[in-house]
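K.L.:
What follows is model-v4.tsv, TSV, C-alpha atoms.
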```tsv
chain	number	residue	atom	x	y	z
A	1	MET	CA	-6.08	35.30	1.40
A	2	THR	CA	-6.59	32.28	3.65
A	3	ARG	CA	-3.56	30.59	5.13
A	4	PRO	CA	-2.49	27.09	4.01
A	5	LEU	CA	-3.83	24.02	5.80
A	6	ARG	CA	-1.13	22.71	8.12
A	7	LEU	CA	-1.04	18.91	8.02
A	8	VAL	CA	0.98	16.30	9.89
A	9	ILE	CA	1.17	12.86	8.29
A	10	GLY	CA	2.13	10.09	10.68
A	11	GLY	CA	2.82	6.51	9.71
A	12	GLY	CA	4.66	4.19	7.40
A	13	GLY	CA	6.85	1.16	7.77
A	14	THR	CA	5.74	-0.29	4.44
A	15	GLY	CA	4.74	1.01	1.03
A	16	GLY	CA	1.15	0.03	1.81
A	17	HIS	CA	1.02	2.61	4.60
A	18	THR	CA	2.89	5.22	2.58
A	19	VAL	CA	1.76	5.30	-1.05
A	20	PRO	CA	-1.96	5.92	-0.29
A	21	ALA	CA	-0.97	8.87	1.92
A	22	LEU	CA	1.01	10.39	-0.96
A	23	ALA	CA	-1.98	9.96	-3.28
A	24	ALA	CA	-4.28	11.66	-0.73
A	25	LEU	CA	-1.76	14.48	-0.29
A	26	ASP	CA	-1.64	15.04	-4.06
A	27	ALA	CA	-5.44	15.29	-4.12
A	28	LEU	CA	-5.39	17.69	-1.18
A	29	ARG	CA	-2.78	19.90	-2.84
A	30	ALA	CA	-4.93	20.03	-5.98
A	31	GLN	CA	-7.72	21.56	-3.88
A	32	ILE	CA	-5.95	23.92	-1.44
A	33	ASP	CA	-2.54	25.14	-0.27
A	34	VAL	CA	-0.98	22.71	2.21
A	35	GLU	CA	2.02	22.88	4.52
A	36	VAL	CA	2.95	19.35	5.52
A	37	LEU	CA	5.26	17.58	7.94
A	38	TRP	CA	5.73	13.81	7.80
A	39	ILE	CA	6.59	12.07	11.06
A	40	GLY	CA	7.81	8.50	10.66
A	41	SER	CA	10.37	5.93	11.67
A	42	ARG	CA	14.08	6.36	11.23
A	43	HIS	CA	14.62	3.59	8.68
A	44	GLY	CA	11.14	3.00	7.22
A	45	VAL	CA	10.33	3.37	3.54
A	46	GLU	CA	8.28	6.47	4.36
A	47	ARG	CA	11.46	8.48	4.85
A	48	ARG	CA	12.63	7.71	1.32
A	49	PHE	CA	9.19	8.44	-0.15
A	50	ALA	CA	8.94	11.74	1.73
A	51	GLU	CA	12.39	12.86	0.62
A	52	GLN	CA	11.68	11.90	-2.99
A	53	ASN	CA	8.56	14.09	-2.88
A	54	ASP	CA	10.25	17.06	-1.11
A	55	ILE	CA	8.16	16.61	2.04
A	56	PRO	CA	9.81	17.72	5.31
A	57	PHE	CA	10.42	14.61	7.40
A	58	ARG	CA	11.18	14.00	11.09
A	59	TRP	CA	11.74	10.62	12.67
A	60	ILE	CA	10.74	9.49	16.14
A	61	PRO	CA	11.65	6.41	18.23
A	62	THR	CA	9.35	3.55	17.28
A	63	GLY	CA	8.62	0.02	18.39
A	64	LYS	CA	6.47	-2.59	16.72
A	65	LEU	CA	3.23	-3.46	18.48
A	66	ARG	CA	3.56	-7.13	19.39
A	67	ARG	CA	1.53	-9.48	21.54
A	68	ASP	CA	4.14	-12.21	21.91
A	69	PRO	CA	6.05	-11.91	25.22
A	70	THR	CA	9.66	-11.80	24.04
A	71	PRO	CA	12.65	-9.63	25.01
A	72	ARG	CA	12.12	-7.75	21.76
A	73	THR	CA	8.54	-6.99	22.81
A	74	LEU	CA	9.80	-5.27	25.96
A	75	LEU	CA	12.29	-3.18	23.99
A	76	ASP	CA	9.60	-2.15	21.51
A	77	LEU	CA	7.17	-1.27	24.29
A	78	ALA	CA	9.82	0.94	25.88
A	79	ALA	CA	10.14	2.87	22.61
A	80	VAL	CA	6.42	3.67	22.40
A	81	PRO	CA	6.25	6.34	25.16
A	82	LEU	CA	9.46	7.88	23.83
A	83	GLY	CA	7.84	8.07	20.41
A	84	ILE	CA	4.70	9.66	21.86
A	85	LEU	CA	6.71	12.35	23.64
A	86	ALA	CA	8.79	13.06	20.54
A	87	ALA	CA	5.71	13.20	18.29
A	88	ALA	CA	3.84	15.44	20.75
A	89	SER	CA	6.79	17.86	20.82
A	90	LEU	CA	7.05	18.00	17.03
A	91	ILE	CA	3.31	18.53	16.69
A	92	ARG	CA	3.28	21.26	19.35
A	93	THR	CA	6.04	23.07	17.44
A	94	PHE	CA	4.50	22.64	13.97
A	95	ARG	CA	0.95	23.51	15.18
A	96	PRO	CA	-1.02	21.60	12.52
A	97	ASP	CA	-4.72	21.99	11.78
A	98	VAL	CA	-5.12	18.22	11.48
A	99	VAL	CA	-3.10	15.01	11.94
A	100	PHE	CA	-3.48	12.22	9.40
A	101	GLY	CA	-2.48	8.74	10.62
A	102	THR	CA	-1.72	6.39	7.74
A	103	GLY	CA	-1.39	3.15	9.69
A	104	GLY	CA	1.49	0.99	10.83
A	105	TYR	CA	3.04	0.97	14.28
A	106	VAL	CA	4.66	4.38	13.81
A	107	SER	CA	1.24	6.01	13.38
A	108	VAL	CA	0.15	5.26	16.96
A	109	PRO	CA	2.55	7.63	18.78
A	110	VAL	CA	1.84	10.34	16.20
A	111	VAL	CA	-1.93	10.01	16.68
A	112	ILE	CA	-1.60	10.02	20.46
A	113	GLY	CA	0.79	12.97	20.23
A	114	GLY	CA	-1.84	14.82	18.21
A	115	TRP	CA	-4.54	13.92	20.74
A	116	LEU	CA	-2.41	15.24	23.59
A	117	ASN	CA	-2.17	18.53	21.69
A	118	ARG	CA	-5.93	18.51	21.03
A	119	ILE	CA	-5.45	18.41	17.26
A	120	PRO	CA	-8.20	16.96	15.01
A	121	LEU	CA	-7.32	13.40	13.98
A	122	VAL	CA	-8.09	11.34	10.86
A	123	ILE	CA	-6.75	7.81	10.45
A	124	HIS	CA	-6.91	5.51	7.45
A	125	GLU	CA	-7.08	1.72	7.45
A	126	GLN	CA	-5.78	0.27	4.19
A	127	THR	CA	-6.55	-3.42	4.71
A	128	ALA	CA	-9.77	-5.40	4.92
A	129	ILE	CA	-8.86	-6.35	8.51
A	130	ALA	CA	-8.48	-3.54	11.03
A	131	GLY	CA	-4.92	-3.87	12.35
A	132	LEU	CA	-3.87	-3.42	15.96
A	133	ALA	CA	-2.47	0.04	15.23
A	134	THR	CA	-5.80	1.15	13.77
A	135	ARG	CA	-7.81	-0.30	16.65
A	136	ILE	CA	-5.65	1.63	19.12
A	137	ALA	CA	-5.59	4.86	17.12
A	138	ALA	CA	-9.37	4.74	16.55
A	139	ARG	CA	-9.88	5.36	20.28
A	140	PHE	CA	-8.41	8.84	19.80
A	141	ALA	CA	-9.45	9.73	16.25
A	142	ASP	CA	-12.27	12.00	15.14
A	143	ALA	CA	-12.72	9.98	11.94
A	144	VAL	CA	-11.60	6.60	10.63
A	145	ALA	CA	-11.42	6.22	6.86
A	146	ILE	CA	-11.76	2.65	5.60
A	147	SER	CA	-10.72	1.24	2.26
A	148	PHE	CA	-13.27	-1.57	2.09
A	149	GLU	CA	-16.80	-1.82	3.47
A	150	ALA	CA	-15.87	-5.23	4.90
A	151	THR	CA	-13.87	-3.37	7.56
A	152	ARG	CA	-16.81	-1.40	8.98
A	153	PRO	CA	-18.21	-4.13	11.30
A	154	LEU	CA	-14.77	-4.50	12.91
A	155	LEU	CA	-14.79	-0.88	14.06
A	156	ARG	CA	-18.41	-0.23	14.94
A	157	ARG	CA	-17.79	0.00	18.66
A	158	ARG	CA	-15.35	2.87	18.27
A	159	ARG	CA	-16.50	6.43	19.00
A	160	SER	CA	-14.95	7.73	15.77
A	161	ALA	CA	-16.96	8.45	12.65
A	162	ILE	CA	-16.34	5.66	10.11
A	163	VAL	CA	-16.20	6.81	6.49
A	164	HIS	CA	-15.73	4.59	3.44
A	165	THR	CA	-13.29	6.51	1.27
A	166	GLY	CA	-11.68	3.63	-0.58
A	167	LEU	CA	-7.94	3.20	-0.95
A	168	PRO	CA	-6.17	5.95	-2.91
A	169	ILE	CA	-3.84	4.84	-5.67
A	170	ARG	CA	-1.44	6.91	-7.72
A	171	ARG	CA	-3.08	8.71	-10.64
A	172	GLU	CA	-0.13	8.01	-12.91
A	173	LEU	CA	-0.99	4.29	-12.83
A	174	PHE	CA	-3.86	5.05	-15.19
A	175	ARG	CA	-1.54	6.65	-17.74
A	176	GLY	CA	0.66	3.69	-18.64
A	177	ASP	CA	1.89	2.90	-22.14
A	178	ALA	CA	2.04	-0.84	-22.84
A	179	GLN	CA	4.28	-0.53	-25.88
A	180	ARG	CA	6.77	1.55	-23.92
A	181	ALA	CA	7.08	-1.21	-21.31
A	182	LEU	CA	7.51	-3.91	-23.94
A	183	GLY	CA	10.25	-1.93	-25.64
A	184	ARG	CA	12.02	-1.07	-22.39
A	185	PHE	CA	12.35	-4.71	-21.33
A	186	GLY	CA	12.77	-6.26	-24.76
A	187	PHE	CA	9.42	-8.04	-24.88
A	188	THR	CA	7.03	-8.57	-27.80
A	189	LYS	CA	3.26	-8.44	-28.29
A	190	ASP	CA	3.17	-12.05	-29.46
A	191	LEU	CA	3.27	-13.70	-26.03
A	192	PRO	CA	1.34	-12.85	-22.84
A	193	LEU	CA	3.27	-10.86	-20.25
A	194	VAL	CA	3.18	-11.96	-16.60
A	195	TYR	CA	4.23	-9.36	-14.02
A	196	VAL	CA	5.54	-10.88	-10.77
A	197	THR	CA	5.98	-8.73	-7.68
A	198	GLY	CA	6.50	-9.29	-3.99
A	199	GLY	CA	6.05	-5.62	-3.12
A	200	VAL	CA	8.66	-3.00	-2.34
A	201	LEU	CA	10.83	-5.41	-0.34
A	202	GLY	CA	10.19	-8.46	-2.49
A	203	ALA	CA	8.99	-11.90	-1.39
A	204	HIS	CA	11.65	-14.59	-1.04
A	205	ALA	CA	9.21	-17.52	-1.19
A	206	LEU	CA	7.63	-16.18	-4.36
A	207	ASN	CA	11.05	-15.47	-5.89
A	208	GLU	CA	12.19	-19.04	-5.24
A	209	ALA	CA	9.05	-20.55	-6.75
A	210	ILE	CA	9.33	-18.40	-9.88
A	211	ALA	CA	13.01	-19.30	-10.25
A	212	ALA	CA	12.19	-23.02	-10.17
A	213	ALA	CA	9.24	-22.61	-12.54
A	214	LEU	CA	11.12	-20.38	-14.98
A	215	PRO	CA	12.16	-22.95	-17.61
A	216	ASP	CA	8.53	-24.02	-18.04
A	217	LEU	CA	7.02	-20.55	-17.74
A	218	VAL	CA	9.05	-18.98	-20.51
A	219	GLY	CA	7.89	-21.69	-22.86
A	220	THR	CA	4.48	-19.98	-23.03
A	221	VAL	CA	4.79	-16.48	-21.52
A	222	GLN	CA	7.14	-13.58	-20.94
A	223	VAL	CA	7.91	-12.72	-17.32
A	224	LEU	CA	8.84	-9.38	-15.76
A	225	HIS	CA	9.93	-10.04	-12.19
A	226	GLN	CA	10.31	-7.35	-9.52
A	227	CYS	CA	12.19	-9.29	-6.86
A	228	GLY	CA	13.03	-6.67	-4.22
A	229	PRO	CA	16.43	-5.38	-3.09
A	230	ALA	CA	19.32	-7.84	-3.00
A	231	ARG	CA	20.46	-6.40	0.32
A	232	ILE	CA	17.15	-7.56	1.84
A	233	ASN	CA	16.60	-11.01	0.35
A	234	GLY	CA	19.72	-11.72	-1.74
A	235	ASP	CA	17.61	-13.07	-4.59
A	236	LEU	CA	18.61	-10.89	-7.55
A	237	PRO	CA	22.00	-12.58	-8.21
A	238	ARG	CA	20.42	-16.04	-8.04
A	239	LEU	CA	17.62	-15.03	-10.40
A	240	LEU	CA	20.08	-13.55	-12.89
A	241	GLU	CA	22.08	-16.78	-12.75
A	242	ARG	CA	18.90	-18.75	-13.34
A	243	ARG	CA	18.19	-16.59	-16.37
A	244	SER	CA	21.66	-17.22	-17.77
A	245	MET	CA	20.99	-20.98	-17.67
A	246	LEU	CA	18.05	-20.67	-20.06
A	247	PRO	CA	18.59	-21.26	-23.79
A	248	TYR	CA	19.59	-17.94	-25.30
A	249	PRO	CA	16.34	-17.29	-27.25
A	250	LEU	CA	14.34	-17.86	-24.03
A	251	GLN	CA	16.47	-15.51	-21.95
A	252	ARG	CA	14.78	-12.60	-23.72
A	253	ARG	CA	11.46	-13.73	-22.26
A	254	TYR	CA	12.55	-13.06	-18.69
A	255	ALA	CA	13.58	-9.77	-17.11
A	256	VAL	CA	14.27	-9.27	-13.41
A	257	VAL	CA	14.71	-5.98	-11.52
A	258	GLU	CA	14.97	-4.97	-7.88
A	259	PHE	CA	12.56	-2.05	-8.13
A	260	LEU	CA	10.07	-0.47	-10.47
A	261	THR	CA	9.55	3.27	-10.14
A	262	GLU	CA	8.37	5.43	-13.02
A	263	GLU	CA	8.05	2.30	-15.20
A	264	LEU	CA	5.23	0.79	-13.11
A	265	PRO	CA	2.28	2.38	-14.97
A	266	ASP	CA	3.66	1.09	-18.27
A	267	VAL	CA	4.21	-2.38	-16.79
A	268	TYR	CA	0.65	-2.56	-15.51
A	269	ALA	CA	-0.64	-1.46	-18.92
A	270	ALA	CA	1.34	-4.22	-20.65
A	271	ALA	CA	0.71	-7.04	-18.16
A	272	ASP	CA	-1.83	-9.71	-19.05
A	273	LEU	CA	-1.56	-11.35	-15.62
A	274	VAL	CA	-0.10	-10.34	-12.25
A	275	ILE	CA	1.36	-12.72	-9.67
A	276	SER	CA	1.86	-10.98	-6.36
A	277	ARG	CA	1.45	-10.71	-2.63
A	278	ALA	CA	-1.91	-9.36	-1.49
A	279	GLY	CA	-1.06	-6.09	0.18
A	280	ALA	CA	-3.94	-3.64	0.34
A	281	SER	CA	-2.40	-1.21	-2.15
A	282	THR	CA	-1.74	-3.99	-4.65
A	283	VAL	CA	-5.32	-5.24	-4.35
A	284	ALA	CA	-6.67	-1.71	-4.85
A	285	GLU	CA	-4.43	-1.17	-7.88
A	286	LEU	CA	-5.49	-4.46	-9.46
A	287	ALA	CA	-9.16	-3.61	-8.91
A	288	ALA	CA	-8.88	-0.09	-10.28
A	289	LEU	CA	-6.90	-1.19	-13.36
A	290	GLY	CA	-8.96	-4.32	-13.98
A	291	LYS	CA	-5.97	-6.68	-13.93
A	292	PRO	CA	-6.39	-10.42	-13.29
A	293	ALA	CA	-4.09	-11.91	-10.69
A	294	ILE	CA	-2.78	-14.88	-8.78
A	295	LEU	CA	-2.44	-13.66	-5.20
A	296	VAL	CA	-0.11	-15.33	-2.69
A	297	PRO	CA	-0.86	-13.75	0.71
A	298	LEU	CA	1.99	-13.23	3.12
A	299	PRO	CA	1.41	-15.79	5.90
A	300	GLY	CA	1.72	-14.90	9.55
A	301	THR	CA	0.46	-11.33	9.34
A	302	ARG	CA	-1.70	-10.21	12.26
A	303	GLY	CA	-5.28	-11.22	11.57
A	304	ASP	CA	-4.12	-12.84	8.31
A	305	GLU	CA	-4.89	-9.51	6.68
A	306	GLN	CA	-3.43	-10.33	3.27
A	307	THR	CA	-5.66	-13.38	2.95
A	308	ALA	CA	-8.66	-11.18	3.73
A	309	ASN	CA	-7.48	-8.70	1.09
A	310	ALA	CA	-7.04	-11.47	-1.49
A	311	ARG	CA	-10.50	-12.89	-0.80
A	312	LEU	CA	-12.07	-9.60	-1.86
A	313	LEU	CA	-10.88	-10.18	-5.44
A	314	ASN	CA	-11.07	-13.98	-5.30
A	315	ASP	CA	-14.77	-13.82	-4.37
A	316	LEU	CA	-15.42	-11.55	-7.36
A	317	GLY	CA	-13.70	-14.00	-9.70
A	318	SER	CA	-10.99	-11.54	-10.68
A	319	ALA	CA	-8.12	-13.25	-8.85
A	320	ILE	CA	-7.05	-16.69	-7.69
A	321	LEU	CA	-6.06	-16.96	-4.04
A	322	LEU	CA	-3.03	-19.26	-3.77
A	323	PRO	CA	-1.92	-19.89	-0.17
A	324	GLN	CA	1.84	-19.94	0.28
A	325	SER	CA	1.54	-23.51	1.58
A	326	ASP	CA	0.35	-24.46	-1.92
A	327	LEU	CA	2.95	-22.35	-3.72
A	328	THR	CA	4.93	-24.80	-5.83
A	329	PRO	CA	6.60	-24.29	-9.21
A	330	GLN	CA	4.27	-26.80	-10.84
A	331	ARG	CA	1.19	-25.11	-9.38
A	332	ILE	CA	2.28	-21.76	-10.76
A	333	VAL	CA	2.98	-23.21	-14.21
A	334	THR	CA	-0.39	-25.00	-14.27
A	335	LEU	CA	-2.33	-21.89	-13.27
A	336	VAL	CA	-0.50	-19.57	-15.65
A	337	GLU	CA	-0.87	-21.92	-18.63
A	338	ARG	CA	-4.59	-22.34	-17.95
A	339	LEU	CA	-5.24	-18.62	-17.54
A	340	VAL	CA	-3.29	-17.34	-20.54
A	341	ALA	CA	-4.75	-19.97	-22.87
A	342	ASP	CA	-7.68	-17.60	-23.47
A	343	ARG	CA	-6.46	-14.00	-23.31
A	344	GLU	CA	-9.95	-12.54	-23.83
A	345	ALA	CA	-11.34	-14.53	-20.91
A	346	LEU	CA	-8.32	-13.51	-18.85
A	347	ALA	CA	-8.96	-9.81	-19.55
A	348	ALA	CA	-12.63	-10.25	-18.64
A	349	MET	CA	-11.57	-11.89	-15.38
A	350	GLY	CA	-9.65	-8.79	-14.42
A	351	GLN	CA	-12.55	-6.47	-15.23
A	352	ARG	CA	-14.72	-8.17	-12.58
A	353	GLY	CA	-12.60	-6.63	-9.85
A	354	LYS	CA	-13.48	-3.09	-10.89
A	355	VAL	CA	-16.63	-3.14	-8.77
A	356	LEU	CA	-14.32	-2.98	-5.74
A	357	ALA	CA	-12.54	0.16	-6.92
A	358	VAL	CA	-13.28	3.68	-5.68
A	359	PRO	CA	-11.88	5.90	-8.45
A	360	ASP	CA	-12.07	9.08	-6.39
A	361	ALA	CA	-10.70	7.58	-3.16
A	362	ALA	CA	-7.90	10.15	-2.90
A	363	GLU	CA	-10.35	13.03	-3.27
A	364	ARG	CA	-12.71	11.50	-0.70
A	365	LEU	CA	-9.90	11.18	1.79
A	366	ALA	CA	-8.74	14.74	1.10
A	367	ASP	CA	-12.30	15.98	1.66
A	368	LEU	CA	-12.52	14.08	4.96
A	369	ILE	CA	-9.23	15.59	6.18
A	370	GLN	CA	-10.46	19.10	5.40
A	371	ALA	CA	-13.91	18.52	6.90
A	372	THR	CA	-12.44	17.15	10.12
A	373	ALA	CA	-10.12	20.14	10.48
A	374	ARG	CA	-12.99	22.56	9.82
A	375	ALA	CA	-15.42	20.84	12.19
A	376	ARG	CA	-13.04	20.92	15.15
A	377	SER	CA	-12.05	24.51	14.36
A	378	ALA	CA	-15.70	25.57	14.31
A	379	ALA	CA	-16.42	23.73	17.55
A	380	ASN	CA	-13.50	25.47	19.30
A	381	ALA	CA	-14.22	28.94	17.93
A	382	PRO	CA	-15.36	31.56	20.44
A	383	PRO	CA	-19.06	32.40	20.29
A	384	VAL	CA	-20.07	35.24	18.02
A	385	PRO	CA	-21.29	38.19	20.13
A	386	ARG	CA	-24.93	39.01	19.68
A	387	VAL	CA	-25.73	42.38	18.17
A	388	ARG	CA	-28.08	44.44	20.34
```
Please re-express this file's structure in structure tokens.

P.N.:
Amino acid sequence: MTRPLRLVIGGGGTGGHTVPALAALDALRAQIDVEVLWIGSRHGVERRFAEQNDIPFRWIPTGKLRRDPTPRTLLDLAAVPLGILAAASLIRTFRPDVVFGTGGYVSVPVVIGGWLNRIPLVIHEQTAIAGLATRIAARFADAVAISFEATRPLLRRRRSAIVHTGLPIRRELFRGDAQRALGRFGFTKDLPLVYVTGGVLGAHALNEAIAAALPDLVGTVQVLHQCGPARINGDLPRLLERRSMLPYPLQRRYAVVEFLTEELPDVYAAADLVISRAGASTVAELAALGKPAILVPLPGTRGDEQTANARLLNDLGSAILLPQSDLTPQRIVTLVERLVADREALAAMGQRGKVLAVPDAAERLADLIQATARARSAANAPPVPRVR
């Protein structure tokens, strides 16, 4: 009986760097036995995801990779070598067969810690633009998995093998029940359902625009709004107050929640249109599920990565890219009313994005992790003695 594959996952900070890793791990576990250790930041979302999935978790000191010369930059830079030393120690103790870097600033010390221990390294870039963390980690990695072919030219000068795996999404997203979502939130089949999300932490600018547009929106559609935690943006109480100001019959057309967990597959199944940020995971989910969208990229991200993500669907005609500078209540109302006027055309719009999807992305990434571990193991194996 062969022993389990020992795997270290390093990375996080956001759901976009965490959820694809969980999907790849599920695919890996479906193929072989795996012993896993997740190394992440102390307060990142990856800790909560790991604990929810019974994955052993250890945190290391981390600092964001910044280029702006500020006092905070110096503090973050000081944390990087501490994180490398801590990650190297954890990896030396765990003795993995392979390290899988999932992106984000916390992945860099884990990848370098793996390199110092001479462990095979696979990293995964979720976005269309290769982030700074990926460009640094690629100098050490054996293989770089990319989610979109558009990323390949940005990494060609790296020594690592570049493999297009796609971006893994959770399998349960394909098993949603539209009627269950409608019943859960008190909606009906008679009106289109618009799902609004700013990601795990919400998006204050998007929340404010939806709040102002709400009286007009609920005249023609139903809205399910995932606004993010009140402790982060403080928006939930204001949105609930806004709902209470609607005429009573129209209040039933708007539901707002901080989070969606097990309900998300059902919500996707029921949604006629999605309004959201343009994180890589969201773009991959929309493409795989064939959902039309209005995408409002988060401004100010390094390399404007969310705009690049949104353009992938916009150029296919399956989404409308709406810059935050153009995000007004009236603009949202105008776009929504135009799109939902023909629900068949709207559904066809979403289907155009499916050409971007890689349905077996999780399995491809799992295969790459195994192949990288095997290749390094074979290269380091002692020579077989010749029989005389």

K.L.:
Using all atoms listed in the file, which residue out of A:Leu346, A:Leu322, A:Leu155, A:Leu286 lies closest to A:Val358?

P.N.:
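Among the listed residues, the smallest separation from A:Val358 belongs to A:Leu286.
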
K.L.:
Using only C-alpha atoms, which of A:Ala310, A:Val296, A:Ala284, A:Ala278 sits nearest A:Asp326?

P.N.:
A:Val296

K.L.:
Taking (3.7, 4.4, -23.2) in the file's coordinates as the center, which residues reach within 12 Å of it, counting all atoms listed in the file, put as an NGL selection string?

P.N.:
:A and (172-184 or 262-270)

K.L.:
What's the separation between atom CA of A:Phe187 and atom CA of A:Asn314, in Å to one decimal place?

P.N.:
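Between these atoms lies a distance of 29.0 Å.
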
K.L.:
In terms of the shortest atom-to-atom distance over only C-alpha atoms, which of A:Arg343, A:Arg253, A:His124, A:Arg6 is closest to A:Pro292?

P.N.:
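Closest candidate: A:Arg343.
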
K.L.:
As an exercise, work out the distance from atom CA of A:Val98 to atom CA of A:Gly113 in Å and give it to one decimal place.

P.N.:
11.8 Å

K.L.:
With a distance cut-off of 9 Å and all atoms listed in the file, select the neighbouring residues of A:Ala366, excluding the residue or stretch itself and same-chain residues fewer than 2 positions from it, and output the selection as a ChimeraX atom specification.

P.N.:
/A:24-29,31,361-364,368-371

K.L.:
Which residue out of A:Trp59, A:Tyr254, A:Trp115, A:Phe259 has the minimum interatomic distance to A:Asp216 when all atoms listed in the file are used?

P.N.:
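Closest to A:Asp216 of all the choices is A:Tyr254.
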
K.L.:
Show me that you can extract stretch 8-72 of chain A, keeping C-alpha atoms, and write it as a PDB file, in the first residue's frame.

P.N.:
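Wrote part22.pdb, looks like this:
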```pdb
ATOM      1  CA  VAL A   8       1.317  21.864   1.796  1.00  0.00           C
ATOM      2  CA  ILE A   9      -1.082  24.542   0.565  1.00  0.00           C
ATOM      3  CA  GLY A  10       0.204  28.077   0.960  1.00  0.00           C
ATOM      4  CA  GLY A  11      -1.770  31.212   0.259  1.00  0.00           C
ATOM      5  CA  GLY A  12      -4.982  33.080   0.808  1.00  0.00           C
ATOM      6  CA  GLY A  13      -5.970  36.536   1.913  1.00  0.00           C
ATOM      7  CA  THR A  14      -9.146  36.497  -0.180  1.00  0.00           C
ATOM      8  CA  GLY A  15     -11.737  33.972  -1.277  1.00  0.00           C
ATOM      9  CA  GLY A  16     -10.310  34.171  -4.796  1.00  0.00           C
ATOM     10  CA  HIS A  17      -7.032  32.667  -3.577  1.00  0.00           C
ATOM     11  CA  THR A  18      -8.760  30.137  -1.333  1.00  0.00           C
ATOM     12  CA  VAL A  19     -11.827  28.617  -2.992  1.00  0.00           C
ATOM     13  CA  PRO A  20      -9.979  27.318  -6.106  1.00  0.00           C
ATOM     14  CA  ALA A  21      -7.451  25.596  -3.836  1.00  0.00           C
ATOM     15  CA  LEU A  22     -10.272  23.813  -2.003  1.00  0.00           C
ATOM     16  CA  ALA A  23     -11.754  22.680  -5.323  1.00  0.00           C
ATOM     17  CA  ALA A  24      -8.353  21.335  -6.457  1.00  0.00           C
ATOM     18  CA  LEU A  25      -7.900  19.567  -3.117  1.00  0.00           C
ATOM     19  CA  ASP A  26     -11.305  17.901  -3.472  1.00  0.00           C
ATOM     20  CA  ALA A  27     -10.299  16.647  -6.932  1.00  0.00           C
ATOM     21  CA  LEU A  28      -6.973  15.409  -5.588  1.00  0.00           C
ATOM     22  CA  ARG A  29      -8.660  13.559  -2.728  1.00  0.00           C
ATOM     23  CA  ALA A  30     -10.989  11.878  -5.227  1.00  0.00           C
ATOM     24  CA  GLN A  31      -7.912  10.411  -6.951  1.00  0.00           C
ATOM     25  CA  ILE A  32      -5.517   9.510  -4.106  1.00  0.00           C
ATOM     26  CA  ASP A  33      -5.018   9.665  -0.341  1.00  0.00           C
ATOM     27  CA  VAL A  34      -3.726  13.076   0.743  1.00  0.00           C
ATOM     28  CA  GLU A  35      -2.317  14.438   3.985  1.00  0.00           C
ATOM     29  CA  VAL A  36      -2.509  18.215   3.867  1.00  0.00           C
ATOM     30  CA  LEU A  37      -1.302  21.199   5.850  1.00  0.00           C
ATOM     31  CA  TRP A  38      -2.499  24.721   5.022  1.00  0.00           C
ATOM     32  CA  ILE A  39      -0.118  27.569   5.817  1.00  0.00           C
ATOM     33  CA  GLY A  40      -1.698  31.008   5.714  1.00  0.00           C
ATOM     34  CA  SER A  41      -2.076  34.348   7.421  1.00  0.00           C
ATOM     35  CA  ARG A  42      -3.352  34.789  10.934  1.00  0.00           C
ATOM     36  CA  HIS A  43      -6.560  36.649  10.078  1.00  0.00           C
ATOM     37  CA  GLY A  44      -7.149  35.807   6.400  1.00  0.00           C
ATOM     38  CA  VAL A  45     -10.282  34.086   5.131  1.00  0.00           C
ATOM     39  CA  GLU A  46      -8.198  30.984   4.383  1.00  0.00           C
ATOM     40  CA  ARG A  47      -8.080  30.146   8.087  1.00  0.00           C
ATOM     41  CA  ARG A  48     -11.875  30.032   8.302  1.00  0.00           C
ATOM     42  CA  PHE A  49     -12.155  27.990   5.093  1.00  0.00           C
ATOM     43  CA  ALA A  50      -9.515  25.515   6.275  1.00  0.00           C
ATOM     44  CA  GLU A  51     -11.178  25.049   9.654  1.00  0.00           C
ATOM     45  CA  GLN A  52     -14.593  24.597   8.043  1.00  0.00           C
ATOM     46  CA  ASN A  53     -13.131  21.815   5.888  1.00  0.00           C
ATOM     47  CA  ASP A  54     -11.181  20.117   8.734  1.00  0.00           C
ATOM     48  CA  ILE A  55      -7.802  20.980   7.197  1.00  0.00           C
ATOM     49  CA  PRO A  56      -4.919  21.436   9.660  1.00  0.00           C
ATOM     50  CA  PHE A  57      -3.898  25.096   9.573  1.00  0.00           C
ATOM     51  CA  ARG A  58      -0.816  27.022  10.719  1.00  0.00           C
ATOM     52  CA  TRP A  59      -0.332  30.749  10.411  1.00  0.00           C
ATOM     53  CA  ILE A  60       2.884  32.623   9.708  1.00  0.00           C
ATOM     54  CA  PRO A  61       3.828  36.328   9.913  1.00  0.00           C
ATOM     55  CA  THR A  62       2.832  38.027   6.673  1.00  0.00           C
ATOM     56  CA  GLY A  63       3.175  41.404   5.030  1.00  0.00           C
ATOM     57  CA  LYS A  64       1.533  42.689   1.879  1.00  0.00           C
ATOM     58  CA  LEU A  65       3.810  43.195  -1.101  1.00  0.00           C
ATOM     59  CA  ARG A  66       3.659  46.915  -1.844  1.00  0.00           C
ATOM     60  CA  ARG A  67       5.608  49.205  -4.124  1.00  0.00           C
ATOM     61  CA  ASP A  68       4.592  52.488  -2.535  1.00  0.00           C
ATOM     62  CA  PRO A  69       7.247  53.768  -0.086  1.00  0.00           C
ATOM     63  CA  THR A  70       5.230  54.243   3.097  1.00  0.00           C
ATOM     64  CA  PRO A  71       5.881  53.360   6.757  1.00  0.00           C
ATOM     65  CA  ARG A  72       3.459  50.479   6.313  1.00  0.00           C
TER      66      ARG A  72
END
```
